[in-house]
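**Student:** Structure in structure tokens, see below.
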Amino acid sequence: MSFRPAEHEAYDRDHAAARDVSVNPIFSRTGEATSVPRFKIPSDPLLPETAYQIVHDDAMLDGNARLNLATFVGTWMDDHANRLYLEAADKNMVDKDEYPATAAVETRCWTMLADLWNAPEPLNAIGTSTIGSSEACMLGGLALKRRWQHARKAAGKSSDRPNLVMSSAVQVCWEKFCNYFDVEARYVPISDDHRCLDGHDLDKYVDENTIGVVVIMGVTYTGVYEPVTEVAAVLDQIQADTGLDIPIHVDGASGAMIAPFVQPDLAWDFRVDRVASINTSGHKYGLVYPGVGWIVWRDTAALPEDLVFRVSYLGGDMPTLAINFSRPGAQVLLQYYLFLRLGWEGYRAVQQTCSDVAQYLSAEIAKFDAFDLWNDGSDIPVFAWRLKEGHTENWNLYHLSDRLRMKGWLVPAYPMPADLVDVTVQRIVVRNGLSHSLAAHLLEDIKTEVEYLDGLESPMPTSGQHPTFHH
Ligand SMILES: Cc1ncc(COP(=O)(O)O)c(C=O)c1O
């Protein structure tokens, strides 16, 4: 198996007849190489300006982040944040002895999140920053597993067959968690009647080996919230019937930074007793550049002490909980900057604007004869639609995605997970920066391209079609 994706190989093939990267003669200096090997570290140094120009030119071929409606990840911060980023680029988050102030800021941030997510006693909650939600989910899953193991051992029962229950529409990080940490993944399939994990039939999936249930606030495929209170109510009933006390981890990669501001009355967080831990991506609706996630446990009892390591080799007695050791500290400072800069009201204004734009766009998309809306973007500002059954045999959503790409827009199309793999959807993620006027341009482009496709007299070729990046 190769880890070199075919399209990256093709990219490098297409962009160079030779295996070398050539240097524009304007930039290379006398005596300097005029080409550098593509897949080998060059034998000699280059001048910084030359090396910069090569990397700059390569990166220039990446897409325009503003038009990327496929990603949840932040791509813009203001000038003060950029200044802080430069000043803090060298800080290593794990080195809490050298950077005690950054470490204190990290603690402030996750305590603020514990408070935002209604932990009963935020100062008694525990949390950490991570490199993103994936690492945070791994830690959440590990804490569930370890708590369950302790309880099983204390009861003199076997603890070698843990399972985790979740929707088939979980993000890949949960599949990774189960795979990497030997936990059986039990997927509750989605269907047209149950479009997300809503508690139905849960008793058929959980048993004494269930370490927890994952509930997603903002399903990656569509943006809908899974109803935490309904799932918790079913688990309450299961406990009353069987004695099994199964905790919930809320994967709030996106929604944990939307719901507190846009739907403050929705109980999805530590207000629900069964919720043991919550993660979010600081780099999604936390509005920070890529490289920061968060996890908070309701209280110290929810995080087994034996998952925390203490190291002395950086000086001092350092507790470390994250999976990664060294990682950038700058993003944590940027998160703190935004908490201060925006405050609750600022976050509300940004998220509400995204929500308004998403609902405007979804209402317009709903007017197309060609489309059936899956959801309207009123949970997180993300929505999906599918092609109306019987609308056409001549084109599909992959074709529309390709046509929009020609205009710079990244609007991915992809199949839904089990049991709806035959359904293809197209999705828009509205992030900070997709203004009403930009959205109006997008709609114009969608109209033009749908008209073009509807005008075709014969079917478009479908060979080689594949889902576009969505995460
Ligand atoms: C629901 C959900 N969980 C986890 C993740 C992984 O987050 P990250 O990219 O921060 O690792 C994502 C990413 O889109 C997500 O949507």
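Naming scheme: A, B, ... for chains in displayed order of the structure tokens; residues 1 onward per chain; ligands 1 onward as shown.
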Got a sec: who's within 8 Å of Thr229 of chain A, counting only C-alpha atoms, leaving out chain neighbours fewer than 5 positions off, as JSON, numbers by chain?
**Tutor:** {"A": [267, 268, 272]}
**Student:** List all protein, DNA and RNA residues that have at least one atom no more than 8 Å from any atom of ligand 1, counting only C-alpha atoms and all ligand atoms, and write them as number ranges by chain.
**Tutor:** A: 71-73, 131-137, 170-174, 216-221, 251-254, 280-284, 291-293, 470-471
**Student:** With N, CA and C atoms kept, could you save the residues just selected as a compact mmCIF listing (two decimals), in the first residue's frame?
**Tutor:**
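The result, stored in selection-v6.txt:
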```txt
# COMPACT_ATOMS: atom_id res chain seq x y z
N THR A 71 -14.02 23.09 3.75
CA THR A 71 -13.33 22.91 5.03
C THR A 71 -14.03 23.66 6.16
N PHE A 72 -13.84 23.11 7.37
CA PHE A 72 -14.33 23.79 8.58
C PHE A 72 -13.22 24.65 9.20
N VAL A 73 -12.02 24.52 8.66
CA VAL A 73 -10.85 25.04 9.37
C VAL A 73 -10.60 26.51 9.03
N ILE A 131 -3.65 19.15 19.42
CA ILE A 131 -3.29 19.67 18.09
C ILE A 131 -4.54 19.85 17.22
N GLY A 132 -5.64 19.25 17.65
CA GLY A 132 -6.91 19.39 16.91
C GLY A 132 -7.95 18.50 17.58
N SER A 133 -9.12 18.41 16.98
CA SER A 133 -10.16 17.57 17.59
C SER A 133 -9.80 16.09 17.54
N SER A 134 -9.05 15.67 16.51
CA SER A 134 -8.74 14.24 16.42
C SER A 134 -8.00 13.78 17.67
N GLU A 135 -6.98 14.53 18.05
CA GLU A 135 -6.22 14.14 19.25
C GLU A 135 -7.12 14.25 20.49
N ALA A 136 -7.96 15.29 20.52
CA ALA A 136 -8.86 15.45 21.66
C ALA A 136 -9.82 14.26 21.76
N CYS A 137 -10.31 13.78 20.61
CA CYS A 137 -11.22 12.63 20.61
C CYS A 137 -10.50 11.37 21.09
N VAL A 170 -19.83 9.16 11.96
CA VAL A 170 -18.77 9.81 12.74
C VAL A 170 -17.62 10.22 11.83
N GLN A 171 -16.86 11.18 12.28
CA GLN A 171 -15.66 11.58 11.55
C GLN A 171 -14.63 10.46 11.70
N VAL A 172 -13.72 10.39 10.75
CA VAL A 172 -12.76 9.28 10.68
C VAL A 172 -11.92 9.16 11.95
N CYS A 173 -11.79 10.23 12.73
CA CYS A 173 -10.95 10.15 13.94
C CYS A 173 -11.47 9.09 14.90
N TRP A 174 -12.79 8.84 14.90
CA TRP A 174 -13.33 7.82 15.80
C TRP A 174 -13.04 6.42 15.29
N ILE A 216 -22.48 13.51 18.29
CA ILE A 216 -21.78 14.54 17.51
C ILE A 216 -22.62 15.81 17.44
N MET A 217 -21.99 16.89 17.83
CA MET A 217 -22.65 18.19 17.69
C MET A 217 -22.10 18.84 16.43
N GLY A 218 -22.83 18.53 15.35
CA GLY A 218 -22.43 18.99 14.04
C GLY A 218 -21.81 17.83 13.26
N VAL A 219 -22.73 16.94 12.75
CA VAL A 219 -22.26 15.79 11.96
C VAL A 219 -21.48 16.31 10.76
N THR A 220 -20.29 15.75 10.56
CA THR A 220 -19.40 16.25 9.52
C THR A 220 -20.06 16.25 8.14
N TYR A 221 -20.83 15.21 7.86
CA TYR A 221 -21.41 15.05 6.51
C TYR A 221 -22.46 16.12 6.19
N ASP A 251 -18.73 14.97 20.75
CA ASP A 251 -17.77 15.45 19.76
C ASP A 251 -18.32 16.76 19.20
N GLY A 252 -17.86 17.84 19.81
CA GLY A 252 -18.33 19.17 19.39
C GLY A 252 -17.29 19.88 18.55
N ALA A 253 -16.63 19.12 17.67
CA ALA A 253 -15.54 19.68 16.85
C ALA A 253 -15.94 21.05 16.30
N SER A 254 -17.16 21.14 15.78
CA SER A 254 -17.65 22.43 15.28
C SER A 254 -18.68 23.02 16.23
N THR A 280 -13.55 20.21 21.17
CA THR A 280 -13.82 21.11 20.05
C THR A 280 -12.51 21.40 19.32
N SER A 281 -12.64 21.91 18.10
CA SER A 281 -11.46 22.33 17.35
C SER A 281 -11.35 23.84 17.47
N GLY A 282 -10.28 24.31 18.15
CA GLY A 282 -10.06 25.75 18.21
C GLY A 282 -9.89 26.31 16.80
N HIS A 283 -9.43 25.46 15.89
CA HIS A 283 -9.16 25.94 14.53
C HIS A 283 -10.37 25.82 13.60
N LYS A 284 -11.54 25.48 14.16
CA LYS A 284 -12.74 25.54 13.31
C LYS A 284 -13.51 26.78 13.75
N GLY A 291 -4.21 24.00 14.01
CA GLY A 291 -3.24 23.48 14.97
C GLY A 291 -3.66 23.56 16.42
N VAL A 292 -4.97 23.73 16.68
CA VAL A 292 -5.38 23.71 18.10
C VAL A 292 -6.76 23.08 18.28
N GLY A 293 -6.82 22.17 19.25
CA GLY A 293 -8.09 21.58 19.67
C GLY A 293 -8.16 21.62 21.18
N HIS A 470 -13.56 16.54 2.00
CA HIS A 470 -14.50 17.17 2.93
C HIS A 470 -14.14 16.68 4.31
N HIS A 471 -14.10 17.57 5.29
CA HIS A 471 -13.61 17.14 6.60
C HIS A 471 -14.16 18.03 7.68
```
**Student:** DSSP on the backbone, then: every residue of segment 170-408 of chain A marked strand (DSSP E or B), written as a PyMOL selection string.
**Tutor:** chain A and resi 184-188+210-217+225+248-251+275-281+293-297+309-311+318-320+328+371-373+382-387
**Student:** Which residues, written as JSON, numbers by chain, have at least one atom at most 8 Å from Gln351 of chain A, with only C-alpha atoms counted and residues fewer than 2 positions away on the same chain left out?
**Tutor:** {"A": [258, 261, 262, 285, 347, 348, 349, 353, 354, 355, 432]}
**Student:** Quick one: residues within 9 Å of Gln335 of chain A, only C-alpha atoms, excluding same-chain residues fewer than 3 positions away - as a PDB file with N, CA and C atoms, in the first residue's frame?
**Tutor:**
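And here's out.pdb as it stands now:
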```pdb
ATOM      1  N   GLU A 106      -3.032  28.403  28.695  1.00  0.00           N
ATOM      2  CA  GLU A 106      -3.731  27.184  28.253  1.00  0.00           C
ATOM      3  C   GLU A 106      -4.791  26.788  29.291  1.00  0.00           C
ATOM      4  N   CYS A 109      -7.722  29.012  29.197  1.00  0.00           N
ATOM      5  CA  CYS A 109      -8.596  28.766  28.045  1.00  0.00           C
ATOM      6  C   CYS A 109      -9.526  27.584  28.288  1.00  0.00           C
ATOM      7  N   GLY A 282     -10.283  24.308  18.154  1.00  0.00           N
ATOM      8  CA  GLY A 282     -10.056  25.748  18.206  1.00  0.00           C
ATOM      9  C   GLY A 282      -9.890  26.315  16.805  1.00  0.00           C
ATOM     10  N   HIS A 283      -9.427  25.459  15.891  1.00  0.00           N
ATOM     11  CA  HIS A 283      -9.157  25.938  14.531  1.00  0.00           C
ATOM     12  C   HIS A 283     -10.367  25.820  13.601  1.00  0.00           C
ATOM     13  N   GLY A 286     -13.682  27.911  16.540  1.00  0.00           N
ATOM     14  CA  GLY A 286     -12.911  28.653  17.537  1.00  0.00           C
ATOM     15  C   GLY A 286     -12.157  29.809  16.891  1.00  0.00           C
ATOM     16  N   LEU A 287     -12.075  29.768  15.546  1.00  0.00           N
ATOM     17  CA  LEU A 287     -11.590  30.873  14.706  1.00  0.00           C
ATOM     18  C   LEU A 287     -10.072  31.094  14.731  1.00  0.00           C
ATOM     19  N   VAL A 288      -9.316  30.077  15.165  1.00  0.00           N
ATOM     20  CA  VAL A 288      -7.854  30.163  15.204  1.00  0.00           C
ATOM     21  C   VAL A 288      -7.285  29.446  13.970  1.00  0.00           C
ATOM     22  N   VAL A 292      -4.970  23.732  16.683  1.00  0.00           N
ATOM     23  CA  VAL A 292      -5.376  23.706  18.096  1.00  0.00           C
ATOM     24  C   VAL A 292      -6.756  23.078  18.285  1.00  0.00           C
ATOM     25  N   ALA A 330       1.840  28.636  20.032  1.00  0.00           N
ATOM     26  CA  ALA A 330       1.317  29.904  19.530  1.00  0.00           C
ATOM     27  C   ALA A 330      -0.208  29.873  19.383  1.00  0.00           C
ATOM     28  N   GLN A 331      -0.721  28.755  18.893  1.00  0.00           N
ATOM     29  CA  GLN A 331      -2.170  28.697  18.648  1.00  0.00           C
ATOM     30  C   GLN A 331      -2.975  28.848  19.936  1.00  0.00           C
ATOM     31  N   VAL A 332      -2.395  28.370  21.037  1.00  0.00           N
ATOM     32  CA  VAL A 332      -3.090  28.503  22.323  1.00  0.00           C
ATOM     33  C   VAL A 332      -3.175  29.991  22.695  1.00  0.00           C
ATOM     34  N   LEU A 338      -8.316  35.614  20.986  1.00  0.00           N
ATOM     35  CA  LEU A 338      -9.681  35.740  20.451  1.00  0.00           C
ATOM     36  C   LEU A 338     -10.731  35.762  21.566  1.00  0.00           C
ATOM     37  N   PHE A 339     -10.518  34.952  22.611  1.00  0.00           N
ATOM     38  CA  PHE A 339     -11.476  34.993  23.719  1.00  0.00           C
ATOM     39  C   PHE A 339     -11.550  36.414  24.281  1.00  0.00           C
ATOM     40  N   LEU A 340     -10.363  37.065  24.390  1.00  0.00           N
ATOM     41  CA  LEU A 340     -10.351  38.432  24.927  1.00  0.00           C
ATOM     42  C   LEU A 340     -10.905  39.421  23.914  1.00  0.00           C
TER      43      LEU A 340
END
```
**Student:** Which of these, A:Arg186, A:Arg66, A:His80, A:Arg195, has the shortest distance to Asp419 of chain A once you count only C-alpha atoms?
**Tutor:**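 Among the listed residues, A:Arg195 lies closest to Asp419 of chain A.
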**Student:** Would you please work out which residue, of A:Ile54, A:Leu142, A:Ile248, A:Met257, is nearest to Ile26 of chain A when using only C-alpha atoms?
**Tutor:** A:Ile54
**Student:** DSSP on the backbone: which residues in segment 75-170 of chain A end up as alpha helix (DSSP H)? Give the answer as a PyMOL selection string.
**Tutor:** chain A and resi 79-88+100-116+133-154
**Student:** Using C-alpha atoms, can you write the selected residues to a file as a PDB file, in the first residue's frame?
**Tutor:**
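Printed below is result.pdb as written:
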```
ATOM      1  CA  ASP A  79      -3.302  41.646  12.065  1.00  0.00           C
ATOM      2  CA  HIS A  80      -2.905  41.618  15.840  1.00  0.00           C
ATOM      3  CA  ALA A  81      -3.271  37.842  15.817  1.00  0.00           C
ATOM      4  CA  ASN A  82      -0.737  37.648  13.002  1.00  0.00           C
ATOM      5  CA  ARG A  83       1.674  39.734  15.077  1.00  0.00           C
ATOM      6  CA  LEU A  84       1.201  37.485  18.089  1.00  0.00           C
ATOM      7  CA  TYR A  85       1.650  34.436  15.890  1.00  0.00           C
ATOM      8  CA  LEU A  86       5.044  35.670  14.690  1.00  0.00           C
ATOM      9  CA  GLU A  87       6.115  36.604  18.215  1.00  0.00           C
ATOM     10  CA  ALA A  88       5.097  33.195  19.576  1.00  0.00           C
ATOM     11  CA  PRO A 100       4.953  28.881  32.274  1.00  0.00           C
ATOM     12  CA  ALA A 101       2.967  31.892  31.099  1.00  0.00           C
ATOM     13  CA  THR A 102       1.758  30.089  27.962  1.00  0.00           C
ATOM     14  CA  ALA A 103       0.929  27.067  30.148  1.00  0.00           C
ATOM     15  CA  ALA A 104      -1.135  29.301  32.447  1.00  0.00           C
ATOM     16  CA  VAL A 105      -2.947  30.717  29.422  1.00  0.00           C
ATOM     17  CA  GLU A 106      -3.731  27.184  28.253  1.00  0.00           C
ATOM     18  CA  THR A 107      -5.325  26.441  31.631  1.00  0.00           C
ATOM     19  CA  ARG A 108      -7.287  29.692  31.498  1.00  0.00           C
ATOM     20  CA  CYS A 109      -8.596  28.766  28.045  1.00  0.00           C
ATOM     21  CA  TRP A 110      -9.890  25.316  28.878  1.00  0.00           C
ATOM     22  CA  THR A 111     -11.361  26.607  32.134  1.00  0.00           C
ATOM     23  CA  MET A 112     -13.190  29.240  30.098  1.00  0.00           C
ATOM     24  CA  LEU A 113     -14.475  26.452  27.856  1.00  0.00           C
ATOM     25  CA  ALA A 114     -15.571  24.426  30.904  1.00  0.00           C
ATOM     26  CA  ASP A 115     -17.536  27.488  31.974  1.00  0.00           C
ATOM     27  CA  LEU A 116     -18.921  28.089  28.462  1.00  0.00           C
ATOM     28  CA  SER A 133     -10.156  17.566  17.587  1.00  0.00           C
ATOM     29  CA  SER A 134      -8.741  14.237  16.422  1.00  0.00           C
ATOM     30  CA  GLU A 135      -6.221  14.144  19.249  1.00  0.00           C
ATOM     31  CA  ALA A 136      -8.861  15.446  21.660  1.00  0.00           C
ATOM     32  CA  CYS A 137     -11.225  12.634  20.614  1.00  0.00           C
ATOM     33  CA  MET A 138      -8.460  10.056  21.137  1.00  0.00           C
ATOM     34  CA  LEU A 139      -8.007  11.373  24.687  1.00  0.00           C
ATOM     35  CA  GLY A 140     -11.752  11.399  25.300  1.00  0.00           C
ATOM     36  CA  GLY A 141     -12.025   7.819  24.063  1.00  0.00           C
ATOM     37  CA  LEU A 142      -9.039   6.725  26.145  1.00  0.00           C
ATOM     38  CA  ALA A 143     -10.524   8.198  29.307  1.00  0.00           C
ATOM     39  CA  LEU A 144     -13.810   6.352  28.643  1.00  0.00           C
ATOM     40  CA  LYS A 145     -11.919   3.129  28.048  1.00  0.00           C
ATOM     41  CA  ARG A 146      -9.753   3.478  31.144  1.00  0.00           C
ATOM     42  CA  ARG A 147     -12.706   4.333  33.408  1.00  0.00           C
ATOM     43  CA  TRP A 148     -14.584   1.317  32.138  1.00  0.00           C
ATOM     44  CA  GLN A 149     -11.516  -0.919  32.638  1.00  0.00           C
ATOM     45  CA  HIS A 150     -11.114   0.263  36.224  1.00  0.00           C
ATOM     46  CA  ALA A 151     -14.774  -0.369  36.965  1.00  0.00           C
ATOM     47  CA  ARG A 152     -14.671  -3.822  35.381  1.00  0.00           C
ATOM     48  CA  LYS A 153     -11.532  -4.815  37.244  1.00  0.00           C
ATOM     49  CA  ALA A 154     -12.955  -3.562  40.521  1.00  0.00           C
TER      50      ALA A 154
END
```
**Student:** Within 7 Å of segment 45-51 of chain A, counting only C-alpha atoms, which residues show up once you throw out same-chain ones fewer than 6 positions away? Write them as a ChimeraX atom specification, please.
**Tutor:** /A:27-28,32
**Student:** Keeping only C-alpha atoms, write those residues as an mmCIF file, in the first residue's frame.
**Tutor:**
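Below is the file that was written, selection33.cif:
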```
data_model
loop_
_atom_site.group_PDB
_atom_site.id
_atom_site.type_symbol
_atom_site.label_atom_id
_atom_site.label_comp_id
_atom_site.auth_asym_id
_atom_site.auth_seq_id
_atom_site.Cartn_x
_atom_site.Cartn_y
_atom_site.Cartn_z
ATOM 1 C CA PHE A 27 16.324 34.276 -8.501
ATOM 2 C CA SER A 28 19.391 32.053 -8.572
ATOM 3 C CA GLU A 32 23.958 28.616 -7.167
#
```
**Student:** Out of A:Lys204, A:Arg341, A:Lys40, A:His399, which residue has the shortest atom-to-atom distance to Val450 of chain A when counting only C-alpha atoms?
**Tutor:**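 Of the candidates, the smallest distance to Val450 of chain A is held by A:His399.
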**Student:** Between atom CA of Ala240 of chain A and atom CA of Asp193 of chain A, measure the distance and give it in Å to one decimal.
**Tutor:**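 These atoms are spaced 26.7 Å apart.
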